[in-house]
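Text of input35.cif, listed as mmCIF, C-alpha atoms:
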```cif
data_query
loop_
_atom_site.label_atom_id
_atom_site.label_comp_id
_atom_site.auth_asym_id
_atom_site.auth_seq_id
_atom_site.Cartn_x
_atom_site.Cartn_y
_atom_site.Cartn_z
CA MET A 137 31.98 -28.14 37.34
CA LEU A 138 29.96 -25.61 39.32
CA LYS A 139 32.22 -22.70 38.40
CA GLU A 140 32.18 -23.62 34.71
CA ALA A 141 28.40 -24.12 34.67
CA LEU A 142 27.97 -20.65 36.14
CA ALA A 143 30.18 -19.22 33.36
CA ALA A 144 27.76 -20.35 30.62
CA SER A 145 25.90 -17.03 30.46
CA ALA A 146 29.13 -15.16 29.71
CA VAL A 147 29.98 -17.71 27.02
CA VAL A 148 26.64 -17.21 25.29
CA GLN A 149 27.09 -13.44 25.55
CA SER A 150 30.42 -13.77 23.72
CA GLN A 151 28.79 -15.86 21.01
CA CYS A 152 26.04 -13.30 20.49
CA ALA A 153 28.63 -10.55 20.15
CA ASP A 154 30.60 -12.51 17.55
CA SER A 155 27.96 -14.04 15.25
CA ALA A 156 29.46 -13.03 11.88
CA ARG A 157 30.69 -16.53 11.05
CA VAL A 158 27.35 -18.13 11.94
CA GLU A 159 25.52 -15.56 9.82
CA ALA A 160 27.85 -16.22 6.87
CA LEU A 161 27.27 -19.98 7.04
CA ALA A 162 23.52 -19.46 7.39
CA SER A 163 23.55 -17.32 4.22
CA VAL A 164 25.32 -20.11 2.32
CA LEU A 165 22.79 -22.67 3.53
CA ALA A 166 19.84 -20.42 2.64
CA ALA A 167 21.22 -19.73 -0.84
CA LYS A 168 21.88 -23.39 -1.65
CA PRO A 169 19.46 -25.55 0.35
CA CYS A 170 20.48 -29.09 1.22
CA HIS A 171 18.06 -32.01 1.40
CA VAL A 172 19.33 -33.72 4.56
CA ALA A 173 21.87 -33.10 7.30
CA LEU A 174 24.09 -35.45 9.31
CA THR A 175 25.46 -34.91 12.80
CA VAL A 176 28.65 -36.47 14.14
CA ALA A 177 29.33 -36.49 17.88
CA ARG A 178 29.64 -38.55 21.06
CA GLY A 179 28.59 -38.15 24.69
CA SER A 180 27.36 -34.71 25.74
CA SER A 181 28.19 -33.42 22.27
CA ASP A 182 25.81 -35.97 20.76
CA HIS A 183 23.05 -34.69 23.03
CA ALA A 184 23.76 -31.19 21.73
CA ALA A 185 23.52 -32.61 18.21
CA SER A 186 20.11 -34.00 19.17
CA TYR A 187 18.94 -30.48 20.04
CA PHE A 188 20.25 -29.14 16.72
CA ALA A 189 18.49 -31.95 14.87
CA SER A 190 15.17 -31.35 16.60
CA LEU A 191 15.41 -27.59 16.04
CA ALA A 192 16.36 -27.88 12.36
CA MET A 193 13.64 -30.45 11.66
CA SER A 194 10.87 -28.59 13.49
CA ARG A 195 11.69 -25.09 12.24
CA ILE A 196 13.27 -25.62 8.81
CA GLY A 197 11.81 -29.00 7.88
CA LEU A 198 15.27 -30.42 7.18
CA PRO A 199 15.63 -34.14 7.98
CA VAL A 200 18.61 -34.63 10.30
CA ALA A 201 20.20 -37.94 11.30
CA SER A 202 23.02 -38.89 13.65
CA LEU A 203 25.69 -40.75 11.66
CA PRO A 204 27.27 -43.82 13.33
CA MET A 205 30.94 -43.05 12.76
CA SER A 206 31.93 -46.66 12.12
CA ILE A 207 29.91 -46.45 8.87
CA ALA A 208 32.46 -43.97 7.54
CA THR A 209 35.57 -45.21 9.35
CA LEU A 210 35.55 -48.98 9.92
CA GLN A 211 33.16 -49.82 7.06
CA ALA A 212 34.32 -47.10 4.66
CA ALA A 213 30.78 -46.94 3.22
CA PRO A 214 30.38 -45.01 -0.07
CA LEU A 215 28.15 -42.30 1.41
CA ARG A 216 26.25 -40.25 -1.16
CA VAL A 217 26.34 -36.89 0.60
CA ALA A 218 27.44 -34.43 -2.10
CA GLY A 219 25.94 -31.01 -1.36
CA GLU A 220 24.48 -32.09 1.98
CA LEU A 221 25.27 -30.65 5.40
CA ALA A 222 27.40 -32.47 7.99
CA VAL A 223 27.95 -30.94 11.43
CA ALA A 224 30.39 -32.24 14.04
CA PHE A 225 30.08 -31.27 17.69
CA SER A 226 33.04 -31.67 20.05
CA GLN A 227 34.65 -30.08 23.09
CA SER A 228 38.26 -31.02 22.26
CA GLY A 229 38.11 -31.78 18.53
CA ARG A 230 40.73 -34.48 19.02
CA SER A 231 38.90 -37.80 18.75
CA PRO A 232 40.27 -39.66 15.72
CA ASP A 233 36.93 -41.14 14.64
CA LEU A 234 35.29 -37.69 14.50
CA VAL A 235 38.18 -36.32 12.47
CA ASP A 236 38.27 -39.30 10.10
CA THR A 237 34.49 -39.23 9.62
CA MET A 238 34.38 -35.54 8.78
CA THR A 239 37.35 -35.97 6.44
CA ALA A 240 35.51 -38.76 4.63
CA LEU A 241 32.31 -36.69 4.41
CA ARG A 242 34.18 -33.68 3.07
CA ASP A 243 35.94 -35.86 0.49
CA ALA A 244 32.49 -37.13 -0.54
CA GLY A 245 31.32 -33.58 -1.23
CA ALA A 246 29.43 -32.71 1.94
CA LEU A 247 29.48 -29.19 3.37
CA THR A 248 31.32 -29.90 6.61
CA VAL A 249 31.00 -27.77 9.76
CA SER A 250 32.72 -28.12 13.11
CA ALA A 251 31.23 -26.71 16.31
CA VAL A 252 34.25 -27.23 18.54
CA ASN A 253 35.49 -25.56 21.70
CA ALA A 254 39.25 -25.91 21.17
CA PRO A 255 40.47 -22.91 19.13
CA VAL A 256 42.91 -25.14 17.23
CA SER A 257 42.07 -28.80 16.69
CA PRO A 258 42.34 -31.58 14.09
CA LEU A 259 38.53 -31.62 13.80
CA ALA A 260 38.35 -27.91 12.94
CA ASP A 261 41.12 -28.40 10.39
CA ALA A 262 39.22 -31.27 8.79
CA CYS A 263 36.08 -29.20 8.16
CA GLU A 264 35.32 -26.52 5.61
CA TRP A 265 33.53 -24.30 8.14
CA GLN A 266 34.43 -23.71 11.79
CA LEU A 267 32.01 -22.37 14.41
CA PRO A 268 34.12 -21.75 17.55
CA LEU A 269 32.13 -22.27 20.73
CA LEU A 270 34.10 -19.59 22.61
CA ALA A 271 33.62 -21.39 25.93
CA GLY A 272 37.28 -21.15 26.94
CA PRO A 273 39.20 -23.95 28.68
CA GLU A 274 36.94 -26.49 30.35
CA ARG A 275 38.79 -28.39 33.07
CA SER A 276 36.01 -30.35 34.72
CA VAL A 277 35.56 -33.81 33.21
CA ALA A 278 31.80 -33.20 33.18
CA ALA A 279 31.10 -30.82 30.31
CA THR A 280 28.74 -27.95 31.17
CA LYS A 281 29.49 -24.58 29.59
CA SER A 282 30.67 -26.21 26.35
CA TYR A 283 27.38 -28.14 26.10
CA ILE A 284 25.36 -24.97 26.61
CA ALA A 285 27.57 -23.26 24.03
CA MET A 286 26.73 -26.03 21.53
CA LEU A 287 23.01 -25.53 22.11
CA SER A 288 23.37 -21.79 21.73
CA ILE A 289 25.40 -21.99 18.52
CA SER A 290 22.85 -24.46 17.12
CA ALA A 291 20.01 -22.06 17.86
CA GLN A 292 21.97 -19.19 16.30
CA LEU A 293 22.57 -21.14 13.11
CA VAL A 294 18.91 -22.09 12.75
CA ALA A 295 17.73 -18.56 13.62
CA TYR A 296 19.93 -16.89 11.00
CA TRP A 297 19.23 -19.67 8.49
CA GLN A 298 15.50 -18.95 8.90
CA ARG A 299 16.10 -15.19 9.13
CA ASP A 300 13.81 -15.25 12.17
CA PRO A 301 14.06 -11.88 13.97
CA VAL A 302 12.05 -13.09 16.97
CA LEU A 303 14.40 -16.01 17.65
CA ILE A 304 17.46 -13.83 17.01
CA ASP A 305 16.19 -11.25 19.52
CA ALA A 306 15.52 -13.99 22.06
CA LEU A 307 19.08 -15.28 21.65
CA ARG A 308 20.45 -11.85 22.51
CA ALA A 309 18.49 -12.00 25.77
CA LEU A 310 19.55 -15.59 26.53
CA PRO A 311 22.53 -14.65 28.76
CA ASP A 312 20.15 -12.91 31.17
CA THR A 313 17.83 -15.94 31.10
CA LEU A 314 20.75 -18.22 31.96
CA ARG A 315 21.74 -16.03 34.89
CA ASP A 316 18.18 -16.26 36.20
CA ALA A 317 18.11 -20.03 35.63
CA ALA A 318 21.34 -20.52 37.59
CA VAL A 319 19.84 -19.23 40.87
CA ILE A 320 16.61 -21.26 40.87
CA ASP A 321 16.39 -23.42 43.99
CA TRP A 322 16.34 -27.14 43.19
CA SER A 323 17.30 -28.30 46.69
CA LEU A 324 14.22 -30.55 46.66
CA ALA A 325 15.84 -32.54 43.84
CA VAL A 326 19.04 -32.91 45.87
CA ASP A 327 17.07 -34.18 48.87
CA THR A 328 14.97 -36.55 46.75
CA LEU A 329 17.87 -38.04 44.77
CA ARG A 330 20.52 -38.17 47.51
CA GLU A 331 20.08 -41.93 48.10
CA VAL A 332 18.81 -42.96 44.65
CA GLU A 333 20.64 -45.67 42.71
CA ARG A 334 18.53 -45.82 39.53
CA MET A 335 16.01 -43.55 37.89
CA ILE A 336 14.51 -42.36 34.60
CA VAL A 337 14.73 -38.87 33.13
CA ILE A 338 11.98 -37.92 30.69
CA GLY A 339 11.66 -35.26 28.03
CA ARG A 340 10.24 -34.88 24.54
CA GLY A 341 10.79 -32.72 21.47
CA LEU A 342 13.51 -30.14 22.03
CA GLY A 343 13.53 -31.13 25.69
CA LEU A 344 14.65 -34.70 24.97
CA ALA A 345 18.21 -33.49 24.33
CA VAL A 346 18.47 -32.06 27.85
CA ALA A 347 16.88 -35.18 29.37
CA GLN A 348 19.61 -37.22 27.65
CA GLU A 349 22.29 -34.85 28.94
CA ALA A 350 20.84 -34.84 32.46
CA ALA A 351 20.83 -38.64 32.58
CA LEU A 352 24.48 -38.74 31.50
CA LYS A 353 25.48 -36.20 34.14
CA LEU A 354 23.66 -38.14 36.86
CA LYS A 355 25.68 -41.21 35.82
CA GLU A 356 29.09 -39.58 35.61
CA THR A 357 28.92 -37.20 38.59
CA SER A 358 26.65 -39.05 41.06
CA GLY A 359 26.93 -42.68 40.00
CA ILE A 360 23.17 -42.98 39.48
CA GLN A 361 22.04 -45.41 36.80
CA ALA A 362 19.86 -42.82 35.08
CA GLU A 363 18.28 -43.50 31.69
CA ALA A 364 16.64 -40.95 29.41
CA PHE A 365 13.46 -41.61 27.46
CA SER A 366 10.94 -39.71 25.44
CA SER A 367 7.59 -39.53 27.22
CA ALA A 368 6.17 -41.52 24.29
CA GLU A 369 8.82 -44.23 24.53
CA VAL A 370 8.54 -44.69 28.28
CA ARG A 371 4.95 -45.92 27.89
CA HIS A 372 6.31 -49.01 26.12
CA GLY A 373 8.90 -51.36 27.63
CA PRO A 374 10.39 -48.99 30.24
CA MET A 375 6.98 -48.73 31.92
CA GLU A 376 7.64 -52.12 33.49
CA LEU A 377 10.44 -50.59 35.59
CA ILE A 378 8.24 -47.96 37.19
CA ASP A 379 6.65 -49.16 40.39
CA ARG A 380 5.99 -47.64 43.82
CA GLY A 381 8.79 -45.35 44.89
CA TYR A 382 10.60 -45.42 41.55
CA PRO A 383 12.19 -41.98 40.93
CA LEU A 384 11.40 -40.00 37.80
CA LEU A 385 12.61 -36.56 36.72
CA VAL A 386 10.26 -35.11 34.09
CA PHE A 387 11.25 -32.01 32.14
CA ALA A 388 8.15 -30.17 30.88
CA PRO A 389 9.20 -26.83 29.38
CA ARG A 390 6.85 -24.84 27.16
CA GLY A 391 5.92 -26.27 23.78
CA PRO A 392 3.46 -28.65 22.15
CA GLU A 393 4.84 -31.58 24.15
CA GLN A 394 4.26 -30.00 27.55
CA ALA A 395 0.66 -31.16 28.11
CA GLY A 396 1.56 -34.79 27.46
CA LEU A 397 4.55 -34.60 29.80
CA ILE A 398 2.40 -33.19 32.59
CA ARG A 399 -0.17 -35.96 32.05
CA LEU A 400 2.56 -38.59 32.19
CA ALA A 401 3.88 -37.14 35.45
CA ALA A 402 0.37 -37.31 36.94
CA ASP A 403 -0.12 -40.89 35.71
CA MET A 404 3.18 -42.01 37.21
CA ARG A 405 2.45 -40.25 40.47
CA SER A 406 -0.88 -42.11 40.69
CA ARG A 407 1.09 -45.38 40.39
CA GLY A 408 3.14 -44.39 43.43
CA ALA A 409 6.28 -43.31 41.60
CA ARG A 410 8.43 -40.54 43.11
CA VAL A 411 7.96 -37.88 40.45
CA LEU A 412 9.90 -34.66 40.21
CA LEU A 413 8.08 -32.55 37.61
CA ALA A 414 10.14 -29.60 36.36
CA ALA A 415 8.01 -26.96 34.63
CA PRO A 416 7.48 -23.19 34.45
CA GLU A 417 5.82 -21.51 37.42
CA ASP A 418 2.37 -21.48 35.79
CA VAL A 419 2.20 -25.30 36.04
CA GLU A 420 0.55 -25.97 39.40
CA ASP A 421 1.76 -29.54 39.94
CA ALA A 422 5.45 -28.79 39.30
CA GLN A 423 7.82 -29.44 42.21
CA LEU A 424 10.77 -27.83 40.40
CA ARG A 425 10.56 -24.48 38.65
CA LEU A 426 11.97 -23.82 35.19
CA ALA A 427 13.05 -20.46 33.84
CA THR A 428 11.53 -19.31 30.55
CA SER A 429 13.36 -17.45 27.81
CA ARG A 430 11.98 -15.03 25.25
CA HIS A 431 11.32 -17.95 22.88
CA PRO A 432 10.14 -21.48 23.76
CA ALA A 433 12.79 -22.99 21.46
CA LEU A 434 15.46 -21.68 23.84
CA ASP A 435 13.83 -22.89 27.06
CA PRO A 436 15.74 -26.22 27.07
CA ILE A 437 19.00 -24.25 27.33
CA ALA A 438 17.74 -22.62 30.51
CA VAL A 439 16.55 -26.02 31.76
CA ILE A 440 20.00 -27.60 31.58
CA GLN A 441 21.59 -24.55 33.21
CA THR A 442 19.42 -25.02 36.30
CA PHE A 443 20.00 -28.78 36.24
CA TYR A 444 23.79 -28.43 36.15
CA ILE A 445 23.84 -26.40 39.37
CA MET A 446 21.71 -29.03 41.07
CA ALA A 447 23.85 -31.88 39.68
CA ALA A 448 27.02 -30.40 41.18
CA GLU A 449 25.29 -30.02 44.56
CA LEU A 450 23.86 -33.54 44.36
CA ALA A 451 27.27 -35.07 43.65
CA ALA A 452 28.71 -33.29 46.68
CA ALA A 453 25.77 -34.46 48.82
CA ARG A 454 26.50 -38.04 47.74
CA GLY A 455 30.16 -37.68 48.75
CA ARG A 456 31.50 -37.54 45.20
CA ASP A 457 33.79 -35.13 43.39
CA PRO A 458 31.91 -33.92 40.30
CA ASP A 459 35.13 -32.45 38.85
CA ALA A 460 36.90 -35.80 38.72
CA PRO A 461 34.51 -38.73 38.17
CA ARG A 462 36.02 -42.17 38.64
CA HIS A 463 37.35 -44.00 35.55
CA LEU A 464 36.73 -41.01 33.22
CA ASN A 465 39.04 -38.63 31.38
CA LYS A 466 38.29 -35.18 30.00
CA ILE A 467 39.26 -36.20 26.47
CA THR A 468 38.16 -39.58 25.15
CA GLU A 469 39.92 -40.52 21.92
CA THR A 470 37.79 -43.18 20.19
CA HIS A 471 38.65 -44.89 16.92
#
```
Encoded form using structure tokens:
Amino acid sequence: MLKEALAASAVVQSQCADSARVEALASVLAAKPCHVALTVARGSSDHAASYFASLAMSRIGLPVASLPMSIATLQAAPLRVAGELAVAFSQSGRSPDLVDTMTALRDAGALTVSAVNAPVSPLADACEWQLPLLAGPERSVAATKSYIAMLSISAQLVAYWQRDPVLIDALRALPDTLRDAAVIDWSLAVDTLREVERMIVIGRGLGLAVAQEAALKLKETSGIQAEAFSSAEVRHGPMELIDRGYPLLVFAPRGPEQAGLIRLAADMRSRGARVLLAAPEDVEDAQLRLATSRHPALDPIAVIQTFYIMAAELAAARGRDPDAPRHLNKITETH
């Protein structure tokens, strides 16, 4: 897991050097705009889809929804998706329900796209467009470099779709940002979470996708019952869980959501919660530092890079093997 997480910067560099296919798809989407988009994914890939959805909605104004696959497979619903965009995210491209769903969407007239890591896969074959992640073989059960590759390819697609030179330039510099993010010291998080059994991870906006991914990794590599919430959602029912000593990890990268996340961290700290606030170095109350990229939209990618290094160290500190979590397989074939 640690080795593969550290390889993410090279993966993104390869993507940036081979963007012709992304640019071609972006040109098609710009020439014939769709009205909505659907994402199809599970696990870490679904969290990557959440980042794509947030980015496409905030920057392009395109409504994006995650499609429950049973709607297309078990229920065989007559989905009216002709001319709309459908994007599947997957590491292996081998799960039957992903393949069947994208086949059904393509048959219904959707423009189908696969963002898949396996060079040859049934999912790629089922889709009209293929966006290879170029992450190379990923042997650790816990996905790291393939997740970062999904975020990067999502940002590339939106950047070229918008024809945004600032975001495109920032993407070219992202490999350097990831290398910087990988060496940030989060040993305080390891010390704080070493004995934790349950916790909440908080994000919002583009940062919610990495909060969701972080919570999953804490479950599968450290056995912590971690749940992810938006900072707006946590003020409802989940607030009842947070009492003195309750651990919270709050991601507060740059963006319009940052001020509210910092306020929430302060509020929870005043209640006696054990708060780890992760924010850029200009945020005085942050216990954990976040790297910043050349564009705030890419900051969450740097956030998860730093987190992955810490997660591998935390699992080892808890006496677990992050490369082989109990009861889990690298490829999960759902139906």
(Q) Just want the 7 Å neighbourhood of stretch 282-288 of chain A, counted on all atoms listed in the file, with same-chain residues fewer than 4 positions away dropped. Output as number ranges by chain. (A) A: 144, 147-148, 180-181, 184, 187, 227, 251, 253, 269, 271, 292, 437
Q: For A:Ala146, list every protein, DNA or RNA residue within 12 Å, evaluated using only C-alpha atoms, and leave out those in the same chain fewer than 3 positions away; present the list as a list in words.
A: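 Listing them by chain and then by number gives Lys139, Glu140, Ala141, Leu142, Ala143, Gln149, Ser150, Gln151, Cys152, Ala153, Leu269, Leu270, Ala271, Gly272, Lys281, Ser282, Ile284, Ala285, Ser288, Arg308, Ala309, Leu310, Pro311, Asp312, Thr313, Leu314 and Arg315 of chain A.
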Might you pull out every residue within 8 Å of A:Leu434, with all atoms listed in the file counted and same-chain residues fewer than 5 positions away left off, and present them as a PDB file with C-alpha atoms, in the coordinates of the input?
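Final output, saved to out19.pdb:
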```pdb
ATOM      1  CA  ALA A 291      20.010 -22.060  17.860  1.00  0.00           C
ATOM      2  CA  ALA A 306      15.520 -13.990  22.060  1.00  0.00           C
ATOM      3  CA  LEU A 307      19.080 -15.280  21.650  1.00  0.00           C
ATOM      4  CA  LEU A 310      19.550 -15.590  26.530  1.00  0.00           C
ATOM      5  CA  SER A 429      13.360 -17.450  27.810  1.00  0.00           C
TER       6      SER A 429
END
```
Q. Just so the selection is clear, what residues does the PyMOL selection byres ((chain A and resi 337) around 7) cover here, as a list of chain:residue names?
A. A:Met335, A:Ile336, A:Ile338, A:Gly339, A:Ala347, A:Ala351, A:Ala362, A:Glu363, A:Ala364, A:Phe365, A:Leu384, A:Leu385, A:Val386
Applying the PyMOL selection byres ((chain A and resi 424) around 12) to the file I just gave you, which residues come out? Please list them as a CSV table (one decimal) with C-alpha atoms, in the frame of the given file.
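Result file is out-v2.csv:
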```
chain,number,residue,atom,x,y,z
A,317,ALA,CA,18.1,-20.0,35.6
A,320,ILE,CA,16.6,-21.3,40.9
A,321,ASP,CA,16.4,-23.4,44.0
A,322,TRP,CA,16.3,-27.1,43.2
A,323,SER,CA,17.3,-28.3,46.7
A,324,LEU,CA,14.2,-30.6,46.7
A,325,ALA,CA,15.8,-32.5,43.8
A,326,VAL,CA,19.0,-32.9,45.9
A,328,THR,CA,15.0,-36.6,46.8
A,385,LEU,CA,12.6,-36.6,36.7
A,386,VAL,CA,10.3,-35.1,34.1
A,387,PHE,CA,11.2,-32.0,32.1
A,388,ALA,CA,8.2,-30.2,30.9
A,389,PRO,CA,9.2,-26.8,29.4
A,411,VAL,CA,8.0,-37.9,40.4
A,412,LEU,CA,9.9,-34.7,40.2
A,413,LEU,CA,8.1,-32.6,37.6
A,414,ALA,CA,10.1,-29.6,36.4
A,415,ALA,CA,8.0,-27.0,34.6
A,416,PRO,CA,7.5,-23.2,34.4
A,417,GLU,CA,5.8,-21.5,37.4
A,418,ASP,CA,2.4,-21.5,35.8
A,419,VAL,CA,2.2,-25.3,36.0
A,420,GLU,CA,0.6,-26.0,39.4
A,421,ASP,CA,1.8,-29.5,39.9
A,422,ALA,CA,5.4,-28.8,39.3
A,423,GLN,CA,7.8,-29.4,42.2
A,425,ARG,CA,10.6,-24.5,38.6
A,426,LEU,CA,12.0,-23.8,35.2
A,427,ALA,CA,13.0,-20.5,33.8
A,439,VAL,CA,16.6,-26.0,31.8
A,442,THR,CA,19.4,-25.0,36.3
A,443,PHE,CA,20.0,-28.8,36.2
A,446,MET,CA,21.7,-29.0,41.1
```
Q. Which protein, DNA or RNA residues have an atom at most 8 Å from (32.8, -42.4, 6.0), counting all atoms listed in the file? List them as a ChimeraX atom specification.
A. /A:205-209,211-215,236-241
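Proximity ranking of A:Ala160, A:Leu344, A:Val235, A:Val302 relative to A:Pro436 places A:Leu344 first, based on all atoms listed in the file.
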Q: Could you tell me how far atom CA of A:Arg371 lies from atom CA of A:Arg340, in Å and to one decimal?
A: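 Atom CA of A:Arg340 lies 12.7 Å from atom CA of A:Arg371.
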Run the PyMOL selection byres ((chain A and resi 275) around 9) against the file shown and list the residues it catches, as a PDB file with C-alpha atoms, keeping the file's coordinate frame.
```pdb
ATOM      1  CA  MET A 137      31.980 -28.140  37.340  1.00  0.00           C
ATOM      2  CA  GLU A 140      32.180 -23.620  34.710  1.00  0.00           C
ATOM      3  CA  PRO A 273      39.200 -23.950  28.680  1.00  0.00           C
ATOM      4  CA  GLU A 274      36.940 -26.490  30.350  1.00  0.00           C
ATOM      5  CA  SER A 276      36.010 -30.350  34.720  1.00  0.00           C
ATOM      6  CA  VAL A 277      35.560 -33.810  33.210  1.00  0.00           C
ATOM      7  CA  ALA A 278      31.800 -33.200  33.180  1.00  0.00           C
ATOM      8  CA  ALA A 279      31.100 -30.820  30.310  1.00  0.00           C
ATOM      9  CA  ASP A 459      35.130 -32.450  38.850  1.00  0.00           C
ATOM     10  CA  LYS A 466      38.290 -35.180  30.000  1.00  0.00           C
TER      11      LYS A 466
END
```
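Closest approach to A:Asp457 from the set A:Pro199, A:Cys263, A:Gly359, A:Val164 is made by A:Gly359, with distances taken over all atoms listed in the file.
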(Q) Which residue is closest to A:Pro204? Choose from A:His183, A:Arg454, A:Arg178, A:Lys355 and count only C-alpha atoms. (A)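 Using only C-alpha atoms, the shortest distance to A:Pro204 belongs to A:Arg178.
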Q: Identify which of the residues A:Ala173, A:Ile289, A:Leu203, A:Met193 lies closest to A:Ser155, counting only C-alpha atoms when measuring atom-to-atom distances.
A: A:Ile289
Q.
What's the separation between atom CA of A:Asp233 and atom CA of A:Thr248, in Å to one decimal place?
A.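 Pair atom CA of A:Asp233 / atom CA of A:Thr248 returns 14.9 Å.
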Q) Which polymer residues have any atom within 12 Å of an atom of A:Thr357, counting all atoms listed in the file, with same-chain residues fewer than 3 positions away left out, as a PyMOL selection string? A) chain A and resi 137-138+276-280+349-354+360-362+444-464
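Picture a line from atom CA of A:Leu259 to atom CA of A:Asp182; it runs 15.1 Å.
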